[in-house]
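Structure file final20.pdb (PDB, C-alpha atoms and all ligand atoms) is printed below.
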ATOM      1  CA  MET Q   1     160.236 -15.281  64.734
ATOM      2  CA  GLN Q   2     158.364 -17.906  62.683
ATOM      3  CA  LYS Q   3     159.359 -19.725  59.498
ATOM      4  CA  ARG Q   4     156.816 -21.211  57.067
ATOM      5  CA  LEU Q   5     157.513 -24.904  56.291
ATOM      6  CA  ASP Q   6     155.616 -27.982  55.108
ATOM      7  CA  PHE Q   7     153.038 -29.307  57.600
ATOM      8  CA  SER Q   8     154.943 -32.612  57.809
ATOM      9  CA  GLU Q   9     158.058 -30.750  59.041
ATOM     10  CA  VAL Q  10     156.264 -28.468  61.506
ATOM     11  CA  ILE Q  11     154.194 -31.236  63.121
ATOM     12  CA  LYS Q  12     157.405 -33.019  64.178
ATOM     13  CA  GLY Q  13     157.486 -30.489  67.044
ATOM     14  CA  LYS Q  14     154.247 -31.773  68.612
ATOM     15  CA  TYR Q  15     155.818 -34.233  71.067
ATOM     16  CA  PRO Q  16     155.125 -35.437  73.714
ATOM     17  CA  GLU Q  17     151.800 -36.911  72.570
ATOM     18  CA  PRO Q  18     149.744 -39.140  74.889
ATOM     19  CA  VAL Q  19     149.224 -42.805  73.971
ATOM     20  CA  ALA Q  20     146.026 -44.794  74.500
ATOM     21  CA  TYR Q  21     144.520 -48.090  73.359
ATOM     22  CA  ALA Q  22     140.947 -48.496  72.198
ATOM     23  CA  VAL Q  23     139.781 -52.043  72.936
ATOM     24  CA  ALA Q  24     136.632 -53.375  71.268
ATOM     25  CA  THR Q  25     135.214 -56.893  71.024
ATOM     26  CA  ASP Q  26     134.898 -58.420  67.559
ATOM     27  CA  GLY Q  27     132.231 -60.801  66.232
ATOM     28  CA  ASP Q  28     134.203 -63.820  67.493
ATOM     29  CA  GLY Q  29     134.245 -62.416  71.026
ATOM     30  CA  LYS Q  30     137.932 -61.426  70.845
ATOM     31  CA  ALA Q  31     138.886 -58.169  72.577
ATOM     32  CA  ASN Q  32     141.191 -56.292  70.181
ATOM     33  CA  PRO Q  33     143.381 -53.346  71.230
ATOM     34  CA  ILE Q  34     144.629 -50.661  68.816
ATOM     35  CA  THR Q  35     147.350 -48.201  69.838
ATOM     36  CA  LEU Q  36     146.372 -44.561  69.297
ATOM     37  CA  GLY Q  37     148.200 -41.266  69.429
ATOM     38  CA  TRP Q  38     145.281 -39.262  68.101
ATOM     39  CA  LEU Q  39     142.715 -38.809  70.852
ATOM     40  CA  MET Q  40     141.339 -36.126  73.128
ATOM     41  CA  GLN Q  41     138.894 -35.489  75.992
ATOM     42  CA  THR Q  42     136.058 -33.431  74.531
ATOM     43  CA  SER Q  43     133.666 -32.966  77.479
ATOM     44  CA  HIS Q  44     133.749 -33.212  81.276
ATOM     45  CA  ILE Q  45     129.997 -33.440  82.094
ATOM     46  CA  PRO Q  46     129.102 -35.764  80.506
ATOM     47  CA  SER Q  47     132.620 -37.157  80.165
ATOM     48  CA  MET Q  48     133.571 -37.884  76.565
ATOM     49  CA  PHE Q  49     136.600 -38.755  74.476
ATOM     50  CA  ALA Q  50     137.191 -38.590  70.728
ATOM     51  CA  ILE Q  51     139.495 -41.111  69.053
ATOM     52  CA  SER Q  52     140.735 -41.002  65.471
ATOM     53  CA  VAL Q  53     140.995 -44.352  63.661
ATOM     54  CA  ALA Q  54     142.003 -44.955  60.035
ATOM     55  CA  PRO Q  55     139.225 -46.774  58.126
ATOM     56  CA  GLN Q  56     141.570 -49.535  56.943
ATOM     57  CA  ARG Q  57     142.296 -50.622  60.536
ATOM     58  CA  TYR Q  58     140.511 -53.770  61.697
ATOM     59  CA  SER Q  59     139.539 -51.753  64.779
ATOM     60  CA  CYS Q  60     137.516 -49.259  62.744
ATOM     61  CA  ASP Q  61     134.943 -51.916  61.782
ATOM     62  CA  VAL Q  62     135.109 -53.607  65.185
ATOM     63  CA  ILE Q  63     134.467 -50.385  67.147
ATOM     64  CA  ARG Q  64     131.626 -49.427  64.795
ATOM     65  CA  GLU Q  65     129.947 -52.831  65.121
ATOM     66  CA  ALA Q  66     130.521 -53.163  68.877
ATOM     67  CA  GLY Q  67     129.230 -49.629  69.548
ATOM     68  CA  CYS Q  68     131.558 -49.372  72.540
ATOM     69  CA  PHE Q  69     135.237 -49.498  73.462
ATOM     70  CA  THR Q  70     137.519 -49.267  76.463
ATOM     71  CA  LEU Q  71     139.946 -46.375  76.292
ATOM     72  CA  VAL Q  72     143.096 -47.538  78.098
ATOM     73  CA  PHE Q  73     145.856 -45.201  79.294
ATOM     74  CA  PRO Q  74     148.909 -47.521  79.376
ATOM     75  CA  SER Q  75     151.590 -46.897  81.971
ATOM     76  CA  SER Q  76     154.955 -45.338  81.201
ATOM     77  CA  GLY Q  77     156.697 -48.750  81.150
ATOM     78  CA  ASP Q  78     154.417 -50.155  78.433
ATOM     79  CA  ALA Q  79     156.267 -48.930  75.312
ATOM     80  CA  LYS Q  80     156.927 -52.452  73.969
ATOM     81  CA  GLN Q  81     153.301 -53.440  74.439
ATOM     82  CA  ALA Q  82     152.078 -50.253  72.725
ATOM     83  CA  LEU Q  83     154.357 -50.895  69.755
ATOM     84  CA  TYR Q  84     153.079 -54.474  69.507
ATOM     85  CA  PHE Q  85     149.402 -53.439  69.619
ATOM     86  CA  GLY Q  86     150.239 -50.693  67.122
ATOM     87  CA  THR Q  87     152.008 -52.865  64.545
ATOM     88  CA  LYS Q  88     149.961 -56.112  64.594
ATOM     89  CA  SER Q  89     146.403 -56.424  63.341
ATOM     90  CA  GLY Q  90     143.532 -58.132  65.101
ATOM     91  CA  ARG Q  91     142.505 -59.471  61.694
ATOM     92  CA  ASP Q  92     145.054 -62.259  62.100
ATOM     93  CA  THR Q  93     146.339 -61.935  65.688
ATOM     94  CA  ASP Q  94     144.922 -62.343  69.182
ATOM     95  CA  LYS Q  95     147.016 -59.458  70.507
ATOM     96  CA  ILE Q  96     145.910 -59.710  74.142
ATOM     97  CA  GLY Q  97     146.169 -63.522  74.263
ATOM     98  CA  GLU Q  98     149.562 -63.721  72.546
ATOM     99  CA  SER Q  99     151.113 -60.959  74.639
ATOM    100  CA  LYS Q 100     149.661 -62.503  77.849
ATOM    101  CA  THR Q 101     148.348 -59.082  78.877
ATOM    102  CA  ARG Q 102     146.489 -59.175  82.208
ATOM    103  CA  VAL Q 103     142.900 -58.040  81.664
ATOM    104  CA  SER Q 104     139.562 -58.207  83.514
ATOM    105  CA  GLU Q 105     135.997 -57.990  82.246
ATOM    106  CA  ALA Q 106     134.741 -54.431  81.880
ATOM    107  CA  GLU Q 107     131.911 -53.672  84.313
ATOM    108  CA  VAL Q 108     129.386 -51.912  82.038
ATOM    109  CA  ILE Q 109     130.279 -52.568  78.387
ATOM    110  CA  ASP Q 110     131.208 -55.747  76.497
ATOM    111  CA  SER Q 111     134.986 -55.274  76.582
ATOM    112  CA  VAL Q 112     137.935 -55.672  78.943
ATOM    113  CA  ILE Q 113     139.985 -53.372  81.140
ATOM    114  CA  PHE Q 114     143.782 -53.613  81.477
ATOM    115  CA  ASP Q 115     144.783 -54.566  85.034
ATOM    116  CA  ASP Q 116     148.191 -52.825  84.963
ATOM    117  CA  ALA Q 117     147.276 -49.665  83.021
ATOM    118  CA  ALA Q 118     147.332 -46.181  84.528
ATOM    119  CA  ALA Q 119     143.577 -45.863  83.829
ATOM    120  CA  ASN Q 120     140.693 -47.407  81.874
ATOM    121  CA  PHE Q 121     137.514 -45.683  80.628
ATOM    122  CA  GLU Q 122     134.538 -47.717  79.436
ATOM    123  CA  CYS Q 123     132.954 -45.763  76.555
ATOM    124  CA  VAL Q 124     129.751 -46.047  74.512
ATOM    125  CA  VAL Q 125     130.011 -44.698  70.951
ATOM    126  CA  ILE Q 126     127.585 -41.805  70.552
ATOM    127  CA  ASP Q 127     128.832 -40.276  67.307
ATOM    128  CA  GLU Q 128     131.110 -40.863  64.332
ATOM    129  CA  MET Q 129     132.417 -38.601  61.594
ATOM    130  CA  VAL Q 130     134.926 -38.819  58.767
ATOM    131  CA  THR Q 131     137.772 -36.301  59.011
ATOM    132  CA  GLY Q 132     140.050 -36.588  55.985
ATOM    133  CA  ASP Q 133     141.775 -39.969  56.052
ATOM    134  CA  HIS Q 134     140.569 -40.973  59.556
ATOM    135  CA  VAL Q 135     137.247 -41.613  61.311
ATOM    136  CA  ILE Q 136     136.522 -39.926  64.632
ATOM    137  CA  PHE Q 137     134.502 -41.931  67.151
ATOM    138  CA  VAL Q 138     133.071 -40.012  70.088
ATOM    139  CA  GLY Q 139     132.768 -42.149  73.206
ATOM    140  CA  LYS Q 140     130.715 -41.248  76.274
ATOM    141  CA  VAL Q 141     132.333 -42.561  79.457
ATOM    142  CA  VAL Q 142     130.065 -44.934  81.399
ATOM    143  CA  ALA Q 143     132.674 -46.197  83.881
ATOM    144  CA  ALA Q 144     136.207 -45.123  84.838
ATOM    145  CA  HIS Q 145     138.921 -47.164  86.569
ATOM    146  CA  CYS Q 146     142.184 -45.936  88.057
ATOM    147  CA  ASN Q 147     145.293 -47.939  89.036
ATOM    148  CA  THR Q 148     145.495 -48.225  92.824
ATOM    149  CA  GLU Q 149     149.275 -47.729  92.616
ATOM    150  CA  LYS Q 150     150.545 -44.385  91.367
ATOM    151  CA  THR Q 151     151.310 -44.984  87.701
ATOM    152  CA  ASP Q 152     152.432 -42.460  85.091
ATOM    153  CA  ARG Q 153     150.991 -42.447  81.559
ATOM    154  CA  LEU Q 154     152.823 -43.437  78.393
ATOM    155  CA  TYR Q 155     153.659 -40.799  75.755
ATOM    156  CA  ILE Q 156     155.173 -40.709  72.303
ATOM    157  CA  VAL Q 157     158.217 -38.571  73.023
ATOM    158  CA  ALA Q 158     159.881 -38.366  69.582
ATOM    159  CA  PRO Q 159     159.224 -39.263  65.927
ATOM    160  CA  GLY Q 160     159.471 -42.953  65.012
ATOM    161  CA  TRP Q 161     157.059 -43.968  67.770
ATOM    162  CA  LYS Q 162     159.680 -43.503  70.506
ATOM    163  CA  MET Q 163     157.711 -43.866  73.748
ATOM    164  CA  GLY Q 164     158.238 -43.382  77.458
ATOM    165  CA  GLY Q 165     157.237 -41.384  80.510
ATOM    166  CA  VAL Q 166     157.106 -37.593  80.817
ATOM    167  CA  ARG Q 167     157.827 -35.661  84.016
ATOM    168  CA  ALA Q 168     156.884 -32.097  84.954
ATOM    169  CA  VAL Q 169     159.747 -29.645  85.274
ATOM    170  CA  GLU Q 170     159.827 -28.708  88.982
TER     171      GLU Q 170
HETATM  172  C1  LIG Q 201     152.446 -45.106  68.824
HETATM  173  C2  LIG Q 201     151.398 -45.420  67.783
HETATM  174  C3  LIG Q 201     150.336 -44.547  67.583
HETATM  175  C4  LIG Q 201     149.340 -44.839  66.636
HETATM  176  N1  LIG Q 201     148.272 -43.980  66.494
HETATM  177  C5  LIG Q 201     147.249 -44.304  65.663
HETATM  178  C6  LIG Q 201     146.079 -43.485  65.587
HETATM  179  O1  LIG Q 201     145.923 -42.495  66.296
HETATM  180  N2  LIG Q 201     145.106 -43.869  64.708
HETATM  181  C7  LIG Q 201     145.196 -44.993  63.934
HETATM  182  O2  LIG Q 201     144.263 -45.282  63.145
HETATM  183  N3  LIG Q 201     146.297 -45.791  63.991
HETATM  184  C8  LIG Q 201     147.304 -45.481  64.838
HETATM  185  N4  LIG Q 201     148.408 -46.304  64.935
HETATM  186  C9  LIG Q 201     148.483 -47.499  64.073
HETATM  187  C10 LIG Q 201     147.633 -48.684  64.611
HETATM  188  O3  LIG Q 201     147.805 -48.854  65.991
HETATM  189  C11 LIG Q 201     148.043 -49.969  63.852
HETATM  190  O4  LIG Q 201     147.783 -49.837  62.470
HETATM  191  C12 LIG Q 201     147.417 -51.252  64.419
HETATM  192  O5  LIG Q 201     148.201 -52.358  63.985
HETATM  193  C13 LIG Q 201     145.973 -51.446  63.982
HETATM  194  O6  LIG Q 201     145.471 -52.604  64.600
HETATM  195  P1  LIG Q 201     144.104 -53.324  64.145
HETATM  196  O7  LIG Q 201     144.306 -53.714  62.672
HETATM  197  O8  LIG Q 201     144.005 -54.501  65.060
HETATM  198  O9  LIG Q 201     143.024 -52.327  64.297
HETATM  199  C14 LIG Q 201     149.420 -46.023  65.855
HETATM  200  C15 LIG Q 201     150.489 -46.913  66.059
HETATM  201  C16 LIG Q 201     151.466 -46.616  67.021
HETATM  202  C17 LIG Q 201     152.601 -47.596  67.245
END
The structure in this file should be written as structure tokens.
Amino acid sequence: MQKRLDFSEVIKGKYPEPVAYAVATDGDGKANPITLGWLMQTSHIPSMFAISVAPQRYSCDVIREAGCFTLVFPSSGDAKQALYFGTKSGRDTDKIGESKTRVSEAEVIDSVIFDDAAANFECVVIDEMVTGDHVIFVGKVVAAHCNTEKTDRLYIVAPGWKMGGVRAVE
């Protein structure tokens, strides 16, 4: 049986939702991460991701101007870090520097990769479109990096940006 309700009520049932960061380098050379819940893989060959960024975010301008970003899959223990990157703005904060996050230079694009993340994907922006109140950037993957230790991804598991790991039911 189904019951018709407001979208904002029904969408509360979407969890878990994967978390990622898009990291792009601004005009001052500062790598700035934004926490995202709205993203998806859109193609395997070539490999592509779409990310959805609100136009008022500092990251929206930075990603557009940089033309590339790293898509980071944080690990399941990174909830505090994800909340920090998702509540501070790169307009007035050096999020990576202040949080002492361990990063290395990306290999192909002008960005960084996160040393302790579950995975990192270096992406070149190949398309952009406005969808309602967000902007979708389509990134083509030009390099992919995986943690050498087995590391689970981080998810939003409940409303209010509650985050943690998710395990398959055996
Ligand atoms: C768990 C979580 C998920 C988020 N998902 C998105 C998202 O998909 N798109 C978006 O534009 N902002 C999202 N945000 C909000 C941005 O991360 C936040 O506004 C951030 O401070 C923007 O940083 P910037 O100004 O440096 O770009 C999310 C925040 C959190 C905590």
Identify all residues satisfying the PyMOL selection byres (((not hetatm)) within 9 of (chain Q and resi 201)) in the given file; provide them as an MDAnalysis selection string.
-> chainID Q and resid 18:21 32:39 51:62 79 82:95 134:135 155:156 160:163
Take the selection from the previous step and output its residues with C-alpha atoms, as an mmCIF file, in the coordinates of the input.
data_model
loop_
_atom_site.group_PDB
_atom_site.id
_atom_site.type_symbol
_atom_site.label_atom_id
_atom_site.label_comp_id
_atom_site.auth_asym_id
_atom_site.auth_seq_id
_atom_site.Cartn_x
_atom_site.Cartn_y
_atom_site.Cartn_z
ATOM 1 C CA PRO Q 18 149.744 -39.140 74.889
ATOM 2 C CA VAL Q 19 149.224 -42.805 73.971
ATOM 3 C CA ALA Q 20 146.026 -44.794 74.500
ATOM 4 C CA TYR Q 21 144.520 -48.090 73.359
ATOM 5 C CA ASN Q 32 141.191 -56.292 70.181
ATOM 6 C CA PRO Q 33 143.381 -53.346 71.230
ATOM 7 C CA ILE Q 34 144.629 -50.661 68.816
ATOM 8 C CA THR Q 35 147.350 -48.201 69.838
ATOM 9 C CA LEU Q 36 146.372 -44.561 69.297
ATOM 10 C CA GLY Q 37 148.200 -41.266 69.429
ATOM 11 C CA TRP Q 38 145.281 -39.262 68.101
ATOM 12 C CA LEU Q 39 142.715 -38.809 70.852
ATOM 13 C CA ILE Q 51 139.495 -41.111 69.053
ATOM 14 C CA SER Q 52 140.735 -41.002 65.471
ATOM 15 C CA VAL Q 53 140.995 -44.352 63.661
ATOM 16 C CA ALA Q 54 142.003 -44.955 60.035
ATOM 17 C CA PRO Q 55 139.225 -46.774 58.126
ATOM 18 C CA GLN Q 56 141.570 -49.535 56.943
ATOM 19 C CA ARG Q 57 142.296 -50.622 60.536
ATOM 20 C CA TYR Q 58 140.511 -53.770 61.697
ATOM 21 C CA SER Q 59 139.539 -51.753 64.779
ATOM 22 C CA CYS Q 60 137.516 -49.259 62.744
ATOM 23 C CA ASP Q 61 134.943 -51.916 61.782
ATOM 24 C CA VAL Q 62 135.109 -53.607 65.185
ATOM 25 C CA ALA Q 79 156.267 -48.930 75.312
ATOM 26 C CA ALA Q 82 152.078 -50.253 72.725
ATOM 27 C CA LEU Q 83 154.357 -50.895 69.755
ATOM 28 C CA TYR Q 84 153.079 -54.474 69.507
ATOM 29 C CA PHE Q 85 149.402 -53.439 69.619
ATOM 30 C CA GLY Q 86 150.239 -50.693 67.122
ATOM 31 C CA THR Q 87 152.008 -52.865 64.545
ATOM 32 C CA LYS Q 88 149.961 -56.112 64.594
ATOM 33 C CA SER Q 89 146.403 -56.424 63.341
ATOM 34 C CA GLY Q 90 143.532 -58.132 65.101
ATOM 35 C CA ARG Q 91 142.505 -59.471 61.694
ATOM 36 C CA ASP Q 92 145.054 -62.259 62.100
ATOM 37 C CA THR Q 93 146.339 -61.935 65.688
ATOM 38 C CA ASP Q 94 144.922 -62.343 69.182
ATOM 39 C CA LYS Q 95 147.016 -59.458 70.507
ATOM 40 C CA HIS Q 134 140.569 -40.973 59.556
ATOM 41 C CA VAL Q 135 137.247 -41.613 61.311
ATOM 42 C CA TYR Q 155 153.659 -40.799 75.755
ATOM 43 C CA ILE Q 156 155.173 -40.709 72.303
ATOM 44 C CA GLY Q 160 159.471 -42.953 65.012
ATOM 45 C CA TRP Q 161 157.059 -43.968 67.770
ATOM 46 C CA LYS Q 162 159.680 -43.503 70.506
ATOM 47 C CA MET Q 163 157.711 -43.866 73.748
#
Ala117 (chain Q) environment, 12 Å, only C-alpha atoms, sequence neighbours closer than 4 positions dropped, as a ChimeraX atom specification: /Q:19-21,70-79,81-82,101-104,112-113,121,145-154
With C-alpha atoms kept, could you save the residues just selected as a PDB file, in the coordinates of the input?
ATOM      1  CA  VAL Q  19     149.224 -42.805  73.971  1.00  0.00           C
ATOM      2  CA  ALA Q  20     146.026 -44.794  74.500  1.00  0.00           C
ATOM      3  CA  TYR Q  21     144.520 -48.090  73.359  1.00  0.00           C
ATOM      4  CA  THR Q  70     137.519 -49.267  76.463  1.00  0.00           C
ATOM      5  CA  LEU Q  71     139.946 -46.375  76.292  1.00  0.00           C
ATOM      6  CA  VAL Q  72     143.096 -47.538  78.098  1.00  0.00           C
ATOM      7  CA  PHE Q  73     145.856 -45.201  79.294  1.00  0.00           C
ATOM      8  CA  PRO Q  74     148.909 -47.521  79.376  1.00  0.00           C
ATOM      9  CA  SER Q  75     151.590 -46.897  81.971  1.00  0.00           C
ATOM     10  CA  SER Q  76     154.955 -45.338  81.201  1.00  0.00           C
ATOM     11  CA  GLY Q  77     156.697 -48.750  81.150  1.00  0.00           C
ATOM     12  CA  ASP Q  78     154.417 -50.155  78.433  1.00  0.00           C
ATOM     13  CA  ALA Q  79     156.267 -48.930  75.312  1.00  0.00           C
ATOM     14  CA  GLN Q  81     153.301 -53.440  74.439  1.00  0.00           C
ATOM     15  CA  ALA Q  82     152.078 -50.253  72.725  1.00  0.00           C
ATOM     16  CA  THR Q 101     148.348 -59.082  78.877  1.00  0.00           C
ATOM     17  CA  ARG Q 102     146.489 -59.175  82.208  1.00  0.00           C
ATOM     18  CA  VAL Q 103     142.900 -58.040  81.664  1.00  0.00           C
ATOM     19  CA  SER Q 104     139.562 -58.207  83.514  1.00  0.00           C
ATOM     20  CA  VAL Q 112     137.935 -55.672  78.943  1.00  0.00           C
ATOM     21  CA  ILE Q 113     139.985 -53.372  81.140  1.00  0.00           C
ATOM     22  CA  PHE Q 121     137.514 -45.683  80.628  1.00  0.00           C
ATOM     23  CA  HIS Q 145     138.921 -47.164  86.569  1.00  0.00           C
ATOM     24  CA  CYS Q 146     142.184 -45.936  88.057  1.00  0.00           C
ATOM     25  CA  ASN Q 147     145.293 -47.939  89.036  1.00  0.00           C
ATOM     26  CA  THR Q 148     145.495 -48.225  92.824  1.00  0.00           C
ATOM     27  CA  GLU Q 149     149.275 -47.729  92.616  1.00  0.00           C
ATOM     28  CA  LYS Q 150     150.545 -44.385  91.367  1.00  0.00           C
ATOM     29  CA  THR Q 151     151.310 -44.984  87.701  1.00  0.00           C
ATOM     30  CA  ASP Q 152     152.432 -42.460  85.091  1.00  0.00           C
ATOM     31  CA  ARG Q 153     150.991 -42.447  81.559  1.00  0.00           C
ATOM     32  CA  LEU Q 154     152.823 -43.437  78.393  1.00  0.00           C
TER      33      LEU Q 154
END
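Taking CA of Gln41 (chain Q) as the reference point, CA of Gly67 (chain Q) is found at 18.3 Å.
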query: What is the distance, in Å and to one decimal place, between CA of Lys80 (chain Q) and CA of Val157 (chain Q)?
result: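 We find that CA of Lys80 (chain Q) and CA of Val157 (chain Q) lie 14.0 Å from each other.
Distance annotation: of Q:Met48, Q:Asp6, Q:Lys100, Q:Ile63, the residue with the minimal separation from Asp115 (chain Q) is Q:Lys100; atom set is only C-alpha atoms.
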Query raised in the report: Just how far from CA of Val141 (chain Q) is CA of Glu65 (chain Q), in Å to one decimal?
Result: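 Straight-line distance from CA of Glu65 (chain Q) to CA of Val141 (chain Q) works out to 17.8 Å.
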Cut-off 7 Å around (134.7, -42.8, 69.2) with all atoms listed in the file: residues as a ChimeraX atom specification | /Q:49-51,125,127-128,136-139
Store the residues picked out above in a file with C-alpha atoms, as a CSV table (one decimal), keeping the file's coordinate frame.
chain,number,residue,atom,x,y,z
Q,49,PHE,CA,136.6,-38.8,74.5
Q,50,ALA,CA,137.2,-38.6,70.7
Q,51,ILE,CA,139.5,-41.1,69.1
Q,125,VAL,CA,130.0,-44.7,71.0
Q,127,ASP,CA,128.8,-40.3,67.3
Q,128,GLU,CA,131.1,-40.9,64.3
Q,136,ILE,CA,136.5,-39.9,64.6
Q,137,PHE,CA,134.5,-41.9,67.2
Q,138,VAL,CA,133.1,-40.0,70.1
Q,139,GLY,CA,132.8,-42.1,73.2
Axis-aligned box for region 87-106 of chain Q, 3 Å per side, centre and edges in Å as AutoDock Vina command-line options:
--center_x 143.4 --center_y -58.3 --center_z 72.6 --size_x 23.3 --size_y 16.9 --size_z 27.8
